[in-house]
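Here is the structure we will look at.
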Amino acid sequence: MEELLIKYISGSADRSEKKEVMDWINSDQNNRKEFETLQKAYFVSIWTDDLEPEVIEDEIIPIKRKPVWNEILKVAAVLLIGFSLFINIKDYVFNGKTNNIEKENFQSVHVPSGQRVELSLVDGSKVWVNANSKLDYPQTFNKDQRIVFLDGEGQFNIEHNDKIPFIVKTKDFDIQVLGTEFNVKAYSTKGKFETALLQGKVQISSKDGQNKITLKPNEEAILENGKLLVRPIQNLDPYRWVEGLMTFENESIEDILLKMEDYFDINISIKTKNLNKKKYTGKFWIDDGVEDMLEVLQKTSDFKYSRNSDTNEYIIY
Amino acid sequence: MEAVKQNFTQLYHSFHQRSFLFAKSLVHADDVAEDIAMESLVILWEKMKAEEIQSVQSFLFRVIKNKALDHLKHLKVRRRVVEALDEWEEGEIDFRVEMINGINDEQILSKEIREIAERTLEMLPSKTREVFMLSRQEYLKGHEIAERLGISQKGVEYHISKAIKALRVSLKDYLLTLWMLLKFFS
């Protein structure tokens, strides 16, 4: 019936088909509602544009968050966890020998799965720290350099200061900046390293100081087979996590489900072999939640899911 | 003069196909839809030369809608005189008029609906999305898409109706929520 209705709505039905549609509509009040929705969908399909939103740098710079209250509550929640568990002055050595910096003065923030948090540093710089990430930062910076340690993903908006460089140290690389906005992804457990420069200028150097590269705006550096590759940023969406946007590019359902586990701190077990092998590109608002995402994925891949609320486990079958 | 011509070409390119599809959906006839689309674009163009238009799409939407309504009203009278209409046929035209009057362009063109549409379309299988884009973004006609992608025209129709169905599903949820909110606050 839906096919016929679409034919009718698009204006291509012949006389007998029109009659059939009219009979169907008059036979039940609900049919009329169905028709109206389908017609709206058709009009939307005609008038919708900007399917591929142009990549405009401006879009990413103002940090817009969708439901503000939700966001504030989340940040507050994370901060509370931070205060109760982690905000204590620690002294430990970050990953080995090359970092002989006094760390007594450092605070540490862990951001759990499914959360992200914005911090202001003493110099006025802003940092968004993503899920499953840790940032160590000092209560006061010393006079010749500003140093923070990152394990995980962070987006930095650094206050400009020519005289005092800002350095983000990660497991394998240091990123030195003057004043700039950039995204770093360096989860020590995954052996990955990525830096994307949105504005300004940064220099990345390996721990041994042998390799140094400089990024220009809209370039990203990615660690591949032990080498840093530099290329233009192809898509800004992955850096929009600060807004609560989760993006996928050419990823299989399995990969997407894996990412969801990380983001939402849930377990997903796949009990079917029939998940299709197609690659997906798309974005989701994290706030829309797990079930919303699963429902969207269901539309294109044939699976069912159930949730065990005791273990917070989702079963895909 | 040259600049003016070029701009009309651009306007035509961006809006002709959707104006035609929209008009056809209302009047159910290719030739009439083509006339309405063209006339509406000219009206839009004249208007744009005279003043700043807030939303080109809503303006065009309304012009086409009004022209389609005029056409249907005349059609009913003319058909009644020239050829006997079955009762259901009159009913069908009345039904279309009623539906057209019920269209709310602010809703159809709203940001929320655009976002929903965008998200829905992004989740479509890539072939379906490709066909849909060619039809709605590159303004190609059915047989042109079929040629370009090397699929049948039936295949093109299949993908487009698949996209529309997906939109219907997501809009349905949204409209339902909207309706409940309105109920709640009224």
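Quick note on naming: the chains in the structure tokens go A, B, ... in the order shown, residues restart at 1 in each chain, and ligands are numbered from 1 in order of appearance.
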Could the residues of chain A within 6 Å of chain B, counting only C-alpha atoms, be given as a PyMOL selection string, please?
chain A and resi 9-11+38+41-42+44+46+51+282
Please give the complete set of residues from region 115-277 of chain A that DSSP, run on the backbone, assigns to helix (DSSP H, G or I), formatted as a VMD selection string.
chain A and resid 237 to 243 253 to 264
Nearby residues (only C-alpha atoms) at most 7 Å from Gly152 (chain A), same-chain spacing under 6 positions excluded, as a VMD selection string:
chain A and resid 132 to 134 185 to 188
What separates CA of Glu34 (chain A) and CA of Asp173 (chain B) is a distance of 12.2 Å
CA of Asn183 (chain A) to CA of Lys227 (chain A), straight-line distance in Å:
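That distance, rounded to one decimal, is 18.7 Å.
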List every residue of region 161-232 of chain A that DSSP, applied to the backbone, labels as strand (DSSP E or B), and write the result as a ChimeraX atom specification.
/A:166-169,173-177,181-186,194-199,202-206,212-215,219-224,227-232
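Picture a line from CA of Asn267 (chain A) to CA of Ile316 (chain A); it runs 10.7 Å.
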